[in-house]
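Quick look at structure_33.pdb (PDB, C-alpha atoms):
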ATOM      1  CA  MET A   1      55.733  73.080  45.516  1.00  0.00           C
ATOM      2  CA  ASN A   2      53.565  71.123  43.103  1.00  0.00           C
ATOM      3  CA  THR A   3      51.699  74.296  42.167  1.00  0.00           C
ATOM      4  CA  LYS A   4      54.884  76.097  41.118  1.00  0.00           C
ATOM      5  CA  ILE A   5      56.183  73.236  39.036  1.00  0.00           C
ATOM      6  CA  LYS A   6      52.916  72.714  37.028  1.00  0.00           C
ATOM      7  CA  PRO A   7      53.196  75.801  34.762  1.00  0.00           C
ATOM      8  CA  PHE A   8      56.708  74.752  33.722  1.00  0.00           C
ATOM      9  CA  LEU A   9      55.377  71.330  32.759  1.00  0.00           C
ATOM     10  CA  LEU A  10      52.649  72.842  30.554  1.00  0.00           C
ATOM     11  CA  PHE A  11      54.973  75.289  28.704  1.00  0.00           C
ATOM     12  CA  PRO A  12      56.528  72.665  26.351  1.00  0.00           C
ATOM     13  CA  PHE A  13      53.023  71.543  25.399  1.00  0.00           C
ATOM     14  CA  PHE A  14      51.992  75.045  24.370  1.00  0.00           C
ATOM     15  CA  LEU A  15      55.267  75.484  22.498  1.00  0.00           C
ATOM     16  CA  LEU A  16      54.691  72.285  20.481  1.00  0.00           C
ATOM     17  CA  SER A  17      51.117  73.316  19.769  1.00  0.00           C
ATOM     18  CA  ALA A  18      52.295  76.672  18.437  1.00  0.00           C
ATOM     19  CA  CYS A  19      54.878  74.973  16.240  1.00  0.00           C
ATOM     20  CA  ALA A  20      52.269  72.579  14.864  1.00  0.00           C
ATOM     21  CA  SER A  21      49.923  75.453  14.042  1.00  0.00           C
ATOM     22  CA  LYS A  22      52.705  77.329  12.232  1.00  0.00           C
ATOM     23  CA  GLN A  23      53.523  74.296  10.084  1.00  0.00           C
ATOM     24  CA  GLU A  24      49.856  73.869   9.229  1.00  0.00           C
ATOM     25  CA  LEU A  25      49.684  77.537   8.188  1.00  0.00           C
ATOM     26  CA  VAL A  26      52.654  77.053   5.895  1.00  0.00           C
ATOM     27  CA  VAL A  27      50.985  74.022   4.321  1.00  0.00           C
ATOM     28  CA  VAL A  28      47.724  75.888   3.907  1.00  0.00           C
ATOM     29  CA  LYS A  29      49.572  78.873   2.399  1.00  0.00           C
ATOM     30  CA  ASP A  30      51.292  76.568  -0.103  1.00  0.00           C
ATOM     31  CA  ASP A  31      47.971  75.009  -0.999  1.00  0.00           C
ATOM     32  CA  LEU A  32      46.420  78.419  -1.531  1.00  0.00           C
ATOM     33  CA  LEU A  33      49.339  79.494  -3.712  1.00  0.00           C
ATOM     34  CA  LYS A  34      48.982  76.333  -5.787  1.00  0.00           C
ATOM     35  CA  LEU A  35      45.247  76.873  -6.139  1.00  0.00           C
ATOM     36  CA  LYS A  36      45.856  80.462  -7.231  1.00  0.00           C
ATOM     37  CA  THR A  37      48.412  79.317  -9.818  1.00  0.00           C
ATOM     38  CA  ASP A  38      46.052  76.654 -11.143  1.00  0.00           C
ATOM     39  CA  SER A  39      43.256  79.201 -11.306  1.00  0.00           C
ATOM     40  CA  GLU A  40      45.399  81.617 -13.323  1.00  0.00           C
ATOM     41  CA  THR A  41      46.379  78.789 -15.693  1.00  0.00           C
ATOM     42  CA  ILE A  42      42.740  77.839 -16.217  1.00  0.00           C
ATOM     43  CA  LYS A  43      41.833  81.480 -16.864  1.00  0.00           C
ATOM     44  CA  THR A  44      44.636  81.802 -19.421  1.00  0.00           C
ATOM     45  CA  GLN A  45      43.637  78.604 -21.201  1.00  0.00           C
ATOM     46  CA  THR A  46      40.002  79.679 -21.192  1.00  0.00           C
ATOM     47  CA  ALA A  47      40.918  83.068 -22.658  1.00  0.00           C
ATOM     48  CA  VAL A  48      42.966  81.414 -25.412  1.00  0.00           C
ATOM     49  CA  SER A  49      40.177  78.956 -26.189  1.00  0.00           C
ATOM     50  CA  TYR A  50      37.626  81.754 -26.341  1.00  0.00           C
ATOM     51  CA  SER A  51      39.921  83.709 -28.647  1.00  0.00           C
ATOM     52  CA  ASP A  52      40.227  80.698 -30.979  1.00  0.00           C
ATOM     53  CA  VAL A  53      36.477  80.174 -30.987  1.00  0.00           C
ATOM     54  CA  GLN A  54      35.913  83.854 -31.737  1.00  0.00           C
ATOM     55  CA  GLN A  55      38.379  83.728 -34.631  1.00  0.00           C
ATOM     56  CA  ILE A  56      36.567  80.712 -36.061  1.00  0.00           C
ATOM     57  CA  ARG A  57      33.237  82.502 -35.720  1.00  0.00           C
ATOM     58  CA  ASP A  58      34.650  85.596 -37.451  1.00  0.00           C
ATOM     59  CA  GLU A  59      36.046  83.461 -40.297  1.00  0.00           C
ATOM     60  CA  VAL A  60      32.718  81.662 -40.773  1.00  0.00           C
ATOM     61  CA  ALA A  61      30.909  85.004 -40.841  1.00  0.00           C
ATOM     62  CA  ARG A  62      33.390  86.330 -43.409  1.00  0.00           C
ATOM     63  CA  LEU A  63      32.953  83.266 -45.631  1.00  0.00           C
ATOM     64  CA  GLN A  64      29.173  83.501 -45.402  1.00  0.00           C
ATOM     65  CA  GLY A  65      29.400  87.150 -46.400  1.00  0.00           C
ATOM     66  CA  SER A  66      31.591  86.265 -49.399  1.00  0.00           C
ATOM     67  CA  ILE A  67      29.145  83.565 -50.515  1.00  0.00           C
ATOM     68  CA  GLU A  68      26.187  85.934 -50.270  1.00  0.00           C
ATOM     69  CA  GLU A  69      28.106  88.616 -52.168  1.00  0.00           C
ATOM     70  CA  ALA A  70      28.992  86.132 -54.927  1.00  0.00           C
ATOM     71  CA  ARG A  71      25.352  85.030 -55.196  1.00  0.00           C
ATOM     72  CA  TYR A  72      24.221  88.648 -55.409  1.00  0.00           C
ATOM     73  CA  ASN A  73      26.815  89.516 -58.067  1.00  0.00           C
ATOM     74  CA  ASN A  74      25.890  86.458 -60.177  1.00  0.00           C
ATOM     75  CA  SER A  75      22.204  87.260 -59.912  1.00  0.00           C
ATOM     76  CA  LYS A  76      22.888  90.883 -60.861  1.00  0.00           C
ATOM     77  CA  THR A  77      25.067  89.891 -63.828  1.00  0.00           C
ATOM     78  CA  PHE A  78      22.585  87.411 -65.290  1.00  0.00           C
ATOM     79  CA  GLY A  79      19.761  89.838 -64.654  1.00  0.00           C
ATOM     80  CA  ARG A  80      21.640  92.521 -66.552  1.00  0.00           C
ATOM     81  CA  LEU A  81      22.279  90.133 -69.428  1.00  0.00           C
ATOM     82  CA  GLY A  82      18.574  89.314 -69.567  1.00  0.00           C
ATOM     83  CA  MET A  83      17.708  93.005 -69.532  1.00  0.00           C
ATOM     84  CA  GLU A  84      20.131  93.670 -72.367  1.00  0.00           C
ATOM     85  CA  ASP A  85      18.539  90.859 -74.350  1.00  0.00           C
ATOM     86  CA  SER A  86      15.098  92.347 -73.829  1.00  0.00           C
ATOM     87  CA  LEU A  87      16.330  95.790 -74.911  1.00  0.00           C
ATOM     88  CA  LEU A  88      17.817  94.301 -78.063  1.00  0.00           C
ATOM     89  CA  VAL A  89      14.648  92.434 -79.045  1.00  0.00           C
ATOM     90  CA  HIS A  90      13.199  95.406 -80.910  1.00  0.00           C
ATOM     91  CA  LYS A  91      16.468  95.780 -82.809  1.00  0.00           C
ATOM     92  CA  PHE A  92      16.351  92.140 -83.875  1.00  0.00           C
ATOM     93  CA  ASP A  93      12.741  92.531 -84.964  1.00  0.00           C
ATOM     94  CA  ASP A  94      13.653  95.637 -86.941  1.00  0.00           C
ATOM     95  CA  LEU A  95      16.552  93.841 -88.622  1.00  0.00           C
ATOM     96  CA  ASP A  96      14.345  90.890 -89.527  1.00  0.00           C
ATOM     97  CA  SER A  97      11.731  93.236 -90.986  1.00  0.00           C
ATOM     98  CA  ARG A  98      14.354  95.028 -93.063  1.00  0.00           C
ATOM     99  CA  LEU A  99      15.725  91.725 -94.344  1.00  0.00           C
ATOM    100  CA  GLN A 100      12.268  90.590 -95.411  1.00  0.00           C
ATOM    101  CA  LYS A 101      11.744  93.848 -97.320  1.00  0.00           C
ATOM    102  CA  ILE A 102      15.091  93.469 -99.073  1.00  0.00           C
ATOM    103  CA  GLU A 103      14.334  89.863-100.021  1.00  0.00           C
ATOM    104  CA  SER A 104      10.902  90.858-101.246  1.00  0.00           C
ATOM    105  CA  TYR A 105      12.312  93.764-103.255  1.00  0.00           C
ATOM    106  CA  LEU A 106      14.921  91.530-104.888  1.00  0.00           C
ATOM    107  CA  GLY A 107      12.306  88.873-105.607  1.00  0.00           C
ATOM    108  CA  LEU A 108      14.132  86.318-103.503  1.00  0.00           C
ATOM    109  CA  GLU A 109      12.352  83.703-101.461  1.00  0.00           C
ATOM    110  CA  LYS A 110      13.437  83.447 -97.896  1.00  0.00           C
ATOM    111  CA  GLU A 111      15.985  80.692 -97.589  1.00  0.00           C
ATOM    112  CA  GLN A 112      14.398  77.481 -96.384  1.00  0.00           C
ATOM    113  CA  ARG A 113      17.048  76.481 -93.907  1.00  0.00           C
ATOM    114  CA  LEU A 114      14.431  74.862 -91.696  1.00  0.00           C
ATOM    115  CA  ALA A 115      13.171  72.158 -94.032  1.00  0.00           C
ATOM    116  CA  PRO A 116       9.969  70.310 -93.004  1.00  0.00           C
ATOM    117  CA  ALA A 117      11.718  66.984 -93.013  1.00  0.00           C
ATOM    118  CA  VAL A 118      15.189  65.551 -93.286  1.00  0.00           C
ATOM    119  CA  SER A 119      15.680  64.328 -96.810  1.00  0.00           C
ATOM    120  CA  LYS A 120      18.361  61.945 -97.906  1.00  0.00           C
ATOM    121  CA  PRO A 121      21.452  63.913 -99.020  1.00  0.00           C
ATOM    122  CA  LYS A 122      22.125  63.898-102.729  1.00  0.00           C
ATOM    123  CA  SER A 123      24.885  61.663-103.944  1.00  0.00           C
ATOM    124  CA  SER A 124      28.137  63.591-104.191  1.00  0.00           C
ATOM    125  CA  ALA A 125      31.825  63.240-103.521  1.00  0.00           C
ATOM    126  CA  VAL A 126      31.344  64.926-100.128  1.00  0.00           C
ATOM    127  CA  THR A 127      28.474  62.728 -98.938  1.00  0.00           C
ATOM    128  CA  ASP A 128      30.158  59.582-100.228  1.00  0.00           C
ATOM    129  CA  THR A 129      33.274  60.430 -98.223  1.00  0.00           C
ATOM    130  CA  LEU A 130      31.290  61.066 -95.046  1.00  0.00           C
ATOM    131  CA  LYS A 131      29.030  58.070 -95.436  1.00  0.00           C
ATOM    132  CA  THR A 132      29.588  55.505 -92.709  1.00  0.00           C
ATOM    133  CA  THR A 133      27.418  53.206 -90.640  1.00  0.00           C
ATOM    134  CA  GLU A 134      28.995  54.422 -87.377  1.00  0.00           C
ATOM    135  CA  ILE A 135      27.973  58.063 -87.726  1.00  0.00           C
ATOM    136  CA  SER A 136      24.529  59.147 -86.553  1.00  0.00           C
ATOM    137  CA  PRO A 137      22.306  60.978 -89.078  1.00  0.00           C
ATOM    138  CA  GLU A 138      22.563  64.310 -87.268  1.00  0.00           C
ATOM    139  CA  LYS A 139      26.356  64.008 -86.944  1.00  0.00           C
ATOM    140  CA  LYS A 140      26.555  63.260 -90.641  1.00  0.00           C
ATOM    141  CA  LEU A 141      24.549  66.394 -91.429  1.00  0.00           C
ATOM    142  CA  LEU A 142      26.795  68.495 -89.192  1.00  0.00           C
ATOM    143  CA  ASP A 143      29.980  67.077 -90.712  1.00  0.00           C
ATOM    144  CA  GLU A 144      28.611  67.590 -94.206  1.00  0.00           C
ATOM    145  CA  GLY A 145      27.792  71.200 -93.379  1.00  0.00           C
ATOM    146  CA  VAL A 146      31.232  71.808 -91.859  1.00  0.00           C
ATOM    147  CA  VAL A 147      32.969  70.438 -94.969  1.00  0.00           C
ATOM    148  CA  LEU A 148      30.882  72.687 -97.206  1.00  0.00           C
ATOM    149  CA  PHE A 149      31.483  75.581 -94.815  1.00  0.00           C
ATOM    150  CA  GLY A 150      35.232  75.027 -95.128  1.00  0.00           C
ATOM    151  CA  LYS A 151      34.902  75.160 -98.917  1.00  0.00           C
ATOM    152  CA  LYS A 152      33.034  78.488 -98.597  1.00  0.00           C
ATOM    153  CA  SER A 153      29.860  76.913 -99.978  1.00  0.00           C
ATOM    154  CA  TYR A 154      27.878  78.763 -97.331  1.00  0.00           C
ATOM    155  CA  SER A 155      24.423  78.392 -98.850  1.00  0.00           C
ATOM    156  CA  ALA A 156      24.807  74.620 -99.210  1.00  0.00           C
ATOM    157  CA  ALA A 157      26.261  74.392 -95.704  1.00  0.00           C
ATOM    158  CA  ARG A 158      23.219  76.186 -94.296  1.00  0.00           C
ATOM    159  CA  GLU A 159      20.954  73.606 -95.891  1.00  0.00           C
ATOM    160  CA  SER A 160      22.710  70.829 -93.972  1.00  0.00           C
ATOM    161  CA  PHE A 161      22.651  72.778 -90.707  1.00  0.00           C
ATOM    162  CA  GLY A 162      18.967  73.617 -91.208  1.00  0.00           C
ATOM    163  CA  LYS A 163      18.043  69.970 -91.783  1.00  0.00           C
ATOM    164  CA  LEU A 164      19.809  69.019 -88.562  1.00  0.00           C
ATOM    165  CA  ILE A 165      18.056  71.742 -86.563  1.00  0.00           C
ATOM    166  CA  GLN A 166      14.611  70.910 -87.921  1.00  0.00           C
ATOM    167  CA  GLY A 167      14.913  67.139 -88.025  1.00  0.00           C
ATOM    168  CA  TYR A 168      16.649  66.515 -84.699  1.00  0.00           C
ATOM    169  CA  PRO A 169      15.344  69.095 -82.179  1.00  0.00           C
ATOM    170  CA  LYS A 170      16.793  67.200 -79.189  1.00  0.00           C
ATOM    171  CA  SER A 171      20.247  66.617 -80.634  1.00  0.00           C
ATOM    172  CA  PRO A 172      23.247  67.819 -78.573  1.00  0.00           C
ATOM    173  CA  LEU A 173      24.686  69.132 -81.857  1.00  0.00           C
ATOM    174  CA  LEU A 174      22.051  71.835 -82.293  1.00  0.00           C
ATOM    175  CA  SER A 175      24.081  74.668 -80.813  1.00  0.00           C
ATOM    176  CA  ASP A 176      27.063  73.817 -83.038  1.00  0.00           C
ATOM    177  CA  ALA A 177      24.878  73.786 -86.143  1.00  0.00           C
ATOM    178  CA  GLN A 178      23.245  77.077 -85.167  1.00  0.00           C
ATOM    179  CA  PHE A 179      26.612  78.706 -84.494  1.00  0.00           C
ATOM    180  CA  TYR A 180      28.046  77.611 -87.858  1.00  0.00           C
ATOM    181  CA  LEU A 181      24.894  78.878 -89.532  1.00  0.00           C
ATOM    182  CA  ALA A 182      25.455  82.307 -87.949  1.00  0.00           C
ATOM    183  CA  GLU A 183      29.132  82.177 -88.895  1.00  0.00           C
ATOM    184  CA  SER A 184      28.250  81.603 -92.542  1.00  0.00           C
ATOM    185  CA  TYR A 185      26.324  84.891 -92.639  1.00  0.00           C
ATOM    186  CA  PHE A 186      29.149  86.641 -90.790  1.00  0.00           C
ATOM    187  CA  LEU A 187      31.713  85.503 -93.372  1.00  0.00           C
ATOM    188  CA  GLU A 188      29.382  86.667 -96.142  1.00  0.00           C
ATOM    189  CA  LYS A 189      29.364  90.057 -94.364  1.00  0.00           C
ATOM    190  CA  TRP A 190      25.595  89.867 -93.978  1.00  0.00           C
ATOM    191  CA  TYR A 191      25.905  91.235 -90.441  1.00  0.00           C
ATOM    192  CA  GLU A 192      22.221  91.945 -89.755  1.00  0.00           C
ATOM    193  CA  LYS A 193      21.345  88.329 -90.495  1.00  0.00           C
ATOM    194  CA  ALA A 194      24.315  87.078 -88.496  1.00  0.00           C
ATOM    195  CA  ILE A 195      23.164  89.094 -85.456  1.00  0.00           C
ATOM    196  CA  LEU A 196      19.803  87.320 -85.516  1.00  0.00           C
ATOM    197  CA  GLU A 197      21.354  83.863 -85.841  1.00  0.00           C
ATOM    198  CA  TYR A 198      23.943  84.486 -83.097  1.00  0.00           C
ATOM    199  CA  GLN A 199      21.078  85.588 -80.863  1.00  0.00           C
ATOM    200  CA  VAL A 200      19.526  82.122 -81.175  1.00  0.00           C
ATOM    201  CA  VAL A 201      22.722  80.614 -79.738  1.00  0.00           C
ATOM    202  CA  ILE A 202      22.801  83.203 -76.938  1.00  0.00           C
ATOM    203  CA  ALA A 203      19.133  82.997 -75.942  1.00  0.00           C
ATOM    204  CA  LYS A 204      18.283  79.356 -76.632  1.00  0.00           C
ATOM    205  CA  TYR A 205      21.459  77.391 -75.921  1.00  0.00           C
ATOM    206  CA  THR A 206      22.499  78.980 -72.639  1.00  0.00           C
ATOM    207  CA  LYS A 207      24.791  76.083 -71.640  1.00  0.00           C
ATOM    208  CA  SER A 208      26.529  75.802 -75.003  1.00  0.00           C
ATOM    209  CA  SER A 209      30.309  76.120 -75.219  1.00  0.00           C
ATOM    210  CA  LYS A 210      29.679  78.283 -78.303  1.00  0.00           C
ATOM    211  CA  ARG A 211      27.873  80.982 -76.296  1.00  0.00           C
ATOM    212  CA  PRO A 212      30.946  83.133 -75.446  1.00  0.00           C
ATOM    213  CA  ALA A 213      32.001  83.127 -79.109  1.00  0.00           C
ATOM    214  CA  ALA A 214      28.439  83.988 -80.168  1.00  0.00           C
ATOM    215  CA  LEU A 215      28.402  86.989 -77.804  1.00  0.00           C
ATOM    216  CA  PHE A 216      31.747  88.187 -79.121  1.00  0.00           C
ATOM    217  CA  LYS A 217      30.922  87.761 -82.795  1.00  0.00           C
ATOM    218  CA  GLN A 218      27.518  89.395 -82.329  1.00  0.00           C
ATOM    219  CA  ALA A 219      29.256  92.384 -80.733  1.00  0.00           C
ATOM    220  CA  ILE A 220      31.538  92.624 -83.771  1.00  0.00           C
ATOM    221  CA  CYS A 221      28.470  92.557 -86.040  1.00  0.00           C
ATOM    222  CA  PHE A 222      26.958  95.460 -84.100  1.00  0.00           C
ATOM    223  CA  GLU A 223      30.208  97.374 -84.589  1.00  0.00           C
ATOM    224  CA  LYS A 224      30.111  96.653 -88.331  1.00  0.00           C
ATOM    225  CA  ILE A 225      26.642  98.173 -88.687  1.00  0.00           C
ATOM    226  CA  GLY A 226      27.537 101.174 -86.512  1.00  0.00           C
ATOM    227  CA  ASP A 227      25.641 100.219 -83.335  1.00  0.00           C
ATOM    228  CA  THR A 228      28.495 100.817 -80.879  1.00  0.00           C
ATOM    229  CA  ALA A 229      26.215 100.958 -77.815  1.00  0.00           C
ATOM    230  CA  SER A 230      24.909  97.435 -78.366  1.00  0.00           C
ATOM    231  CA  ALA A 231      28.418  96.246 -79.179  1.00  0.00           C
ATOM    232  CA  ARG A 232      29.796  97.540 -75.860  1.00  0.00           C
ATOM    233  CA  ALA A 233      26.846  96.028 -73.994  1.00  0.00           C
ATOM    234  CA  ARG A 234      27.666  92.611 -75.460  1.00  0.00           C
ATOM    235  CA  TYR A 235      31.391  92.958 -74.723  1.00  0.00           C
ATOM    236  CA  SER A 236      30.564  93.937 -71.127  1.00  0.00           C
ATOM    237  CA  SER A 237      28.201  90.971 -70.688  1.00  0.00           C
ATOM    238  CA  LEU A 238      30.795  88.602 -72.102  1.00  0.00           C
ATOM    239  CA  VAL A 239      33.453  89.791 -69.627  1.00  0.00           C
ATOM    240  CA  SER A 240      31.003  89.529 -66.706  1.00  0.00           C
ATOM    241  CA  VAL A 241      29.498  86.129 -67.483  1.00  0.00           C
ATOM    242  CA  TYR A 242      32.512  84.350 -69.007  1.00  0.00           C
ATOM    243  CA  PRO A 243      35.571  86.121 -67.508  1.00  0.00           C
ATOM    244  CA  ALA A 244      37.893  83.134 -68.066  1.00  0.00           C
ATOM    245  CA  SER A 245      37.035  82.619 -71.734  1.00  0.00           C
ATOM    246  CA  PRO A 246      39.478  83.554 -74.527  1.00  0.00           C
ATOM    247  CA  GLU A 247      36.764  85.779 -76.001  1.00  0.00           C
ATOM    248  CA  ALA A 248      36.548  87.752 -72.732  1.00  0.00           C
ATOM    249  CA  LYS A 249      40.228  88.701 -73.036  1.00  0.00           C
ATOM    250  CA  LEU A 250      39.563  90.084 -76.506  1.00  0.00           C
ATOM    251  CA  ALA A 251      36.421  91.870 -75.286  1.00  0.00           C
ATOM    252  CA  LYS A 252      38.380  93.634 -72.508  1.00  0.00           C
ATOM    253  CA  LYS A 253      40.625  95.196 -75.143  1.00  0.00           C
ATOM    254  CA  LYS A 254      37.536  96.406 -76.990  1.00  0.00           C
ATOM    255  CA  LEU A 255      36.256  98.095 -73.828  1.00  0.00           C
ATOM    256  CA  LEU A 256      39.451 100.083 -73.206  1.00  0.00           C
TER     257      LEU A 256
END
Transcribe the structure of this file into structure tokens.
Amino acid sequence: MNTKIKPFLLFPFFLLSACASKQELVVVKDDLLKLKTDSETIKTQTAVSYSDVQQIRDEVARLQGSIEEARYNNSKTFGRLGMEDSLLVHKFDDLDSRLQKIESYLGLEKEQRLAPAVSKPKSSAVTDTLKTTEISPEKKLLDEGVVLFGKKSYSAARESFGKLIQGYPKSPLLSDAQFYLAESYFLEKWYEKAILEYQVVIAKYTKSSKRPAALFKQAICFEKIGDTASARARYSSLVSVYPASPEAKLAKKKLL
């Protein structure tokens, strides 16, 4: 009788064990599902992060490319301007030679705008007006020249500008004096001489604020003497090197 009863006593134990195993499986399944969800979330976040990093890398590469392109364009532009200057050198030399022949033929001595030393200006109403202890000698010479320039006394104005250029070679006013000197020849319609003087501003005072105007006015001078090729070259250089200048806007109209 004990043998028959024993299996019935063990049945509840097996039943409880089976129930416990089923609950554990459910727990394990939930854990696996959670792990899978977390894994998918991590993958998504990683993909987004990689995409952001890749976009940043692409943007950096694009910016680097733009910088290199700008450097190349600037180098090409300034190189072209230098080449144009070198091609125009023989024209300047030819103009200077022609001017010397004309001066020699007319029996005129070449104007001594570069005096060996700065002499004290002669007493006059102009110099008396400009005379002041607060103005430097070179500024006084420039102002004197500008006043004479405004009165259309171009020859006298050039004397003042020449004294400044010769006597104060390190003055920050040199480019202004040189530009006014070139302008005086331009207004006298002596275009060949003006071309040479504008070239000094262009070639020597490369950081001068007068350089765009010198390029433009030199181009006009070339037009006046019939050298349209050199004129267009100067207009083109002006637009390339100083695109934001007022002179560049005028040059663009000339190139149309």
Written as a ChimeraX atom specification, which residues does the PyMOL selection byres ((chain A and resi 145) around 7) give for the file shown?
/A:141-144,146-149,157-158,160-161
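In this structure, atom CA of A:Ser236 sits 17.2 Å away from atom CA of A:Lys210.
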Between atom CA of A:Ala213 and atom CA of A:Ser245, what is the spacing in Å?
8.9 Å
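Residues lying within 12 Å of A:Glu223, counting all atoms listed in the file and ignoring same-chain neighbours fewer than 5 positions away, are Tyr191, Glu192, Ile195, Phe216, Lys217, Gln218, Thr228, Ala229, Ser230, Ala231, Arg232, Ala233, Arg234, Tyr235 and Lys254 of chain A.
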Generate the output file for the selected residues, C-alpha atoms, as a tab-separated table (two decimals), in the coordinates of the input.
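Dumped to result-v2.tsv:
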chain	number	residue	atom	x	y	z
A	191	TYR	CA	25.90	91.24	-90.44
A	192	GLU	CA	22.22	91.94	-89.76
A	195	ILE	CA	23.16	89.09	-85.46
A	216	PHE	CA	31.75	88.19	-79.12
A	217	LYS	CA	30.92	87.76	-82.80
A	218	GLN	CA	27.52	89.40	-82.33
A	228	THR	CA	28.50	100.82	-80.88
A	229	ALA	CA	26.22	100.96	-77.82
A	230	SER	CA	24.91	97.44	-78.37
A	231	ALA	CA	28.42	96.25	-79.18
A	232	ARG	CA	29.80	97.54	-75.86
A	233	ALA	CA	26.85	96.03	-73.99
A	234	ARG	CA	27.67	92.61	-75.46
A	235	TYR	CA	31.39	92.96	-74.72
A	254	LYS	CA	37.54	96.41	-76.99
Can you list, as a PyMOL selection string, every protein, DNA or RNA residue that comes within 10 Å of A:Val200 when you count all atoms listed in the file, leaving out same-chain residues fewer than 4 positions away?
chain A and resi 175+178-179+182+195-196+204-206+211+214
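Atom to atom, atom CA of A:Tyr168 and atom CA of A:Glu138 stand 6.8 Å apart.
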What are the centre and edge lengths in Å, to one decimal, of the axis-aligned box around all listed atoms of stretch 204-211 of chain A with 5 Å added on each side, as lines of an AutoDock Vina configuration file?
center_x = 24.3
center_y = 78.4
center_z = -75.0
size_x = 22.0
size_y = 15.2
size_z = 16.7
Skip A:Tyr185 itself and residues of its chain fewer than 5 positions away, then list as a list of chain:residue names all residues within 8 Å of it, counting only C-alpha atoms.
A:Tyr154, A:Trp190, A:Tyr191, A:Lys193, A:Ala194
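Of the residues under consideration (A:Gln166, A:Ser240, A:Ser136, A:Ser184), A:Ser184 shows the shortest atom-to-atom contact distance to A:Gly150 when counting only C-alpha atoms.
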File contents for stretch 228-241 of chain A with N, CA and C atoms as a PDB file, in the first residue's frame:
ATOM      1  N   THR A 228      44.433 100.059 -76.290  1.00  0.00           N
ATOM      2  CA  THR A 228      43.257  99.452 -75.664  1.00  0.00           C
ATOM      3  C   THR A 228      43.572  98.116 -74.977  1.00  0.00           C
ATOM      4  N   ALA A 229      44.555  97.385 -75.488  1.00  0.00           N
ATOM      5  CA  ALA A 229      44.911  96.096 -74.883  1.00  0.00           C
ATOM      6  C   ALA A 229      45.446  96.291 -73.464  1.00  0.00           C
ATOM      7  N   SER A 230      46.350  97.245 -73.307  1.00  0.00           N
ATOM      8  CA  SER A 230      46.901  97.517 -71.978  1.00  0.00           C
ATOM      9  C   SER A 230      45.827  98.093 -71.055  1.00  0.00           C
ATOM     10  N   ALA A 231      44.934  98.887 -71.624  1.00  0.00           N
ATOM     11  CA  ALA A 231      43.855  99.460 -70.824  1.00  0.00           C
ATOM     12  C   ALA A 231      42.964  98.362 -70.260  1.00  0.00           C
ATOM     13  N   ARG A 232      42.567  97.409 -71.105  1.00  0.00           N
ATOM     14  CA  ARG A 232      41.715  96.301 -70.633  1.00  0.00           C
ATOM     15  C   ARG A 232      42.439  95.426 -69.622  1.00  0.00           C
ATOM     16  N   ALA A 233      43.745  95.251 -69.793  1.00  0.00           N
ATOM     17  CA  ALA A 233      44.520  94.455 -68.845  1.00  0.00           C
ATOM     18  C   ALA A 233      44.497  95.107 -67.460  1.00  0.00           C
ATOM     19  N   ARG A 234      44.606  96.445 -67.437  1.00  0.00           N
ATOM     20  CA  ARG A 234      44.590  97.154 -66.160  1.00  0.00           C
ATOM     21  C   ARG A 234      43.201  97.131 -65.533  1.00  0.00           C
ATOM     22  N   TYR A 235      42.158  97.282 -66.345  1.00  0.00           N
ATOM     23  CA  TYR A 235      40.792  97.204 -65.820  1.00  0.00           C
ATOM     24  C   TYR A 235      40.533  95.821 -65.221  1.00  0.00           C
ATOM     25  N   SER A 236      40.982  94.781 -65.924  1.00  0.00           N
ATOM     26  CA  SER A 236      40.797  93.404 -65.462  1.00  0.00           C
ATOM     27  C   SER A 236      41.526  93.165 -64.138  1.00  0.00           C
ATOM     28  N   SER A 237      42.761  93.652 -64.036  1.00  0.00           N
ATOM     29  CA  SER A 237      43.540  93.492 -62.808  1.00  0.00           C
ATOM     30  C   SER A 237      42.874  94.223 -61.649  1.00  0.00           C
ATOM     31  N   LEU A 238      42.362  95.398 -61.921  1.00  0.00           N
ATOM     32  CA  LEU A 238      41.695  96.183 -60.886  1.00  0.00           C
ATOM     33  C   LEU A 238      40.483  95.435 -60.333  1.00  0.00           C
ATOM     34  N   VAL A 239      39.671  94.864 -61.205  1.00  0.00           N
ATOM     35  CA  VAL A 239      38.481  94.119 -60.781  1.00  0.00           C
ATOM     36  C   VAL A 239      38.870  92.875 -59.983  1.00  0.00           C
ATOM     37  N   SER A 240      39.958  92.223 -60.380  1.00  0.00           N
ATOM     38  CA  SER A 240      40.395  90.994 -59.700  1.00  0.00           C
ATOM     39  C   SER A 240      41.003  91.264 -58.329  1.00  0.00           C
ATOM     40  N   VAL A 241      41.848  92.287 -58.248  1.00  0.00           N
ATOM     41  CA  VAL A 241      42.595  92.534 -57.012  1.00  0.00           C
ATOM     42  C   VAL A 241      41.799  93.384 -56.016  1.00  0.00           C
TER      43      VAL A 241
END
